[in-house]
Amino acid sequence: PEELVTGQPWTLDVCLDYFACGNPFLRQTRPAIAAPFAAVQNGAAFRQQGVADVAEFLASRDAFDKAYNAVLKAAIADDADADADEIAVEAIGAFLLAEERETLLADLRSALDEAKDSELQEILEAVDMVTLPLHPVTEAEVRERLAAFDAFLGRILAGGKPAVVTIARSVVDGFCPMRWHCMLEQGVLEVLCGRLGALEVLYADELDAMENL
């Protein structure tokens with residue numbers, strides 16, 4: 001970036017959920033149930049191209065959200081109206097690319113048939129956050145991403161070192177799984193020290209205290 005070349009101060013912000021990301025919105029939903037809903041969200045036609053007209057994009061998004069929510073609400077409803085469920089599923093199909101529509105809707109129907117009401121309710125409340133990763137990350141994947149982070153720093157630091165580095169754990173909100181927090185924090189600090197040298201590490205509660213000095 002130009003600001004690095006010209007020597008202007010800059011901040012490096014590191015989020016641990018880049019290395020290992022969970023989905024706090026679907027704690028009680030089986031991955032196999034959530035996956036078809038995520039595929040439909042990702043498969044919406046308006047998401048497959050650039051945004052040339054913001055108003056048109058937002059209108060398409062709102063119409064899709066309404067149809068998507070109708071599918072879930074119809075499935076959760078106690079009346080067990082199969083015709084209503086199918087009408088809702090067919091309606092969401094209008095927002096999908098023609099070449100993918102049949103497969104996406106078939107998977108969606110299967111998930112709707114197998115899902116518990118509690119799972120459907122979680123998916124409904126998650127909205128587009130259903131698309132967050134659902135597979136448990138492995139140690140090999142974590143180490144691979146730490147190596148990629150190290151390589152990224154090697155490139156970006158050619159323009160100068162950051163004035164400040166911030167690290168967001170993202171553990172309390174559930175985006176970074178607790179299982180990986182200690183390894184990631186240590187790994188990120190080791191990479192930073194390797195590229196930047198000795199660091200003065202301050203934690204958020206210490207920063208709050210410094211404001212009163």
# chains A, B, ... in the order shown; residues from 1 in each chain; ligands from 1
$ select_by_dssp --residues "stretch 1-192 of chain A" --states "helix (DSSP H, G or I)" --output "ChimeraX atom specification"
/A:2-5,16-18,31-43,45-47,54-76,82-93,98-114,117-131,139-159,178-192
$ residues_around --residues "A:Pro162" --least-positions-apart "6" --cutoff "7 Å" --atoms "only C-alpha atoms" --output "number ranges by chain"
A: 9-12
$ residues_around --residues "stretch 94-103 of chain A" --least-positions-apart "2" --cutoff "12 Å" --atoms "only C-alpha atoms" --output "ChimeraX atom specification"
/A:36,39-49,60-68,87-92,105-110
$ select_by_dssp --residues "chain A" --states "strand (DSSP E or B)" --output "MDAnalysis selection string"
chainID A and resid 11:15 44 96 164:168
$ residues_around --residues "A:Thr166" --least-positions-apart "3" --cutoff "12 Å" --atoms "only C-alpha atoms" --output "mmCIF file with C-alpha atoms, in the first residue's frame"
data_model
loop_
_atom_site.group_PDB
_atom_site.id
_atom_site.type_symbol
_atom_site.label_atom_id
_atom_site.label_comp_id
_atom_site.auth_asym_id
_atom_site.auth_seq_id
_atom_site.Cartn_x
_atom_site.Cartn_y
_atom_site.Cartn_z
ATOM 1 C CA TRP A 10 -0.074 2.376 10.272
ATOM 2 C CA THR A 11 -1.700 -0.253 12.477
ATOM 3 C CA LEU A 12 -1.620 -4.003 11.959
ATOM 4 C CA ASP A 13 -4.844 -5.577 13.250
ATOM 5 C CA VAL A 14 -4.828 -9.354 13.698
ATOM 6 C CA CYS A 15 -8.030 -11.331 14.369
ATOM 7 C CA LEU A 16 -7.554 -14.847 15.712
ATOM 8 C CA PRO A 162 3.538 -0.848 11.954
ATOM 9 C CA ALA A 163 3.344 1.699 14.731
ATOM 10 C CA ARG A 169 -9.053 -12.884 20.305
ATOM 11 C CA GLU A 185 -2.120 -16.288 20.742
ATOM 12 C CA VAL A 188 0.836 -15.097 16.488
ATOM 13 C CA LEU A 189 3.110 -13.441 19.058
ATOM 14 C CA LEU A 192 5.299 -11.050 15.233
ATOM 15 C CA LEU A 199 7.498 -6.393 21.575
ATOM 16 C CA GLU A 200 5.909 -4.616 24.517
ATOM 17 C CA VAL A 201 2.700 -6.588 25.039
ATOM 18 C CA LEU A 202 -0.223 -4.880 26.766
ATOM 19 C CA TYR A 203 -3.641 -6.395 27.441
ATOM 20 C CA ALA A 204 -6.972 -4.601 27.230
ATOM 21 C CA LEU A 207 -4.809 -0.199 28.591
#
$ atom_distance --atom1 "atom CA of A:Asn69" --atom2 "atom CA of A:Ala55"
21.0 Å
$ closest_residue --among "A:Ile123, A:Ala147, A:Leu104, A:Met178" --to "A:Thr29" --atoms "only C-alpha atoms"
A:Ile123
$ closest_residue --among "A:Leu184, A:Ala82, A:Leu157, A:Ala52" --to "A:Arg143" --atoms "only C-alpha atoms"
A:Leu184
$ residues_around --residues "A:Glu125" --least-positions-apart "5" --cutoff "10 Å" --atoms "only C-alpha atoms" --output "ChimeraX atom specification"
/A:25-26,69,72,119-120,130
$ atom_distance --atom1 "atom CA of A:Val164" --atom2 "atom CA of A:Val142"
24.1 Å
$ atom_distance --atom1 "atom CA of A:Gly22" --atom2 "atom CA of A:Ala74"
28.0 Å
$ residues_around --residues "A:Leu146" --least-positions-apart "3" --cutoff "10 Å" --atoms "only C-alpha atoms" --output "mmCIF file with C-alpha atoms, in the first residue's frame"
data_model
loop_
_atom_site.group_PDB
_atom_site.id
_atom_site.type_symbol
_atom_site.label_atom_id
_atom_site.label_comp_id
_atom_site.auth_asym_id
_atom_site.auth_seq_id
_atom_site.Cartn_x
_atom_site.Cartn_y
_atom_site.Cartn_z
ATOM 1 C CA TYR A 18 -8.835 -15.821 10.696
ATOM 2 C CA PHE A 19 -6.803 -18.821 11.846
ATOM 3 C CA ALA A 140 -2.376 -28.794 10.733
ATOM 4 C CA GLU A 141 -4.717 -26.131 9.341
ATOM 5 C CA VAL A 142 -3.874 -23.754 12.187
ATOM 6 C CA ARG A 143 -0.148 -24.179 11.613
ATOM 7 C CA PHE A 149 0.514 -15.103 8.164
ATOM 8 C CA ASP A 150 4.299 -15.137 8.544
ATOM 9 C CA ALA A 151 4.733 -15.024 4.771
ATOM 10 C CA PHE A 152 2.199 -12.194 4.512
ATOM 11 C CA LEU A 184 -3.011 -19.113 18.392
ATOM 12 C CA GLY A 187 1.804 -18.574 17.666
ATOM 13 C CA VAL A 188 0.836 -15.097 16.488
ATOM 14 C CA GLU A 190 6.003 -15.688 17.999
ATOM 15 C CA VAL A 191 5.486 -14.741 14.340
#
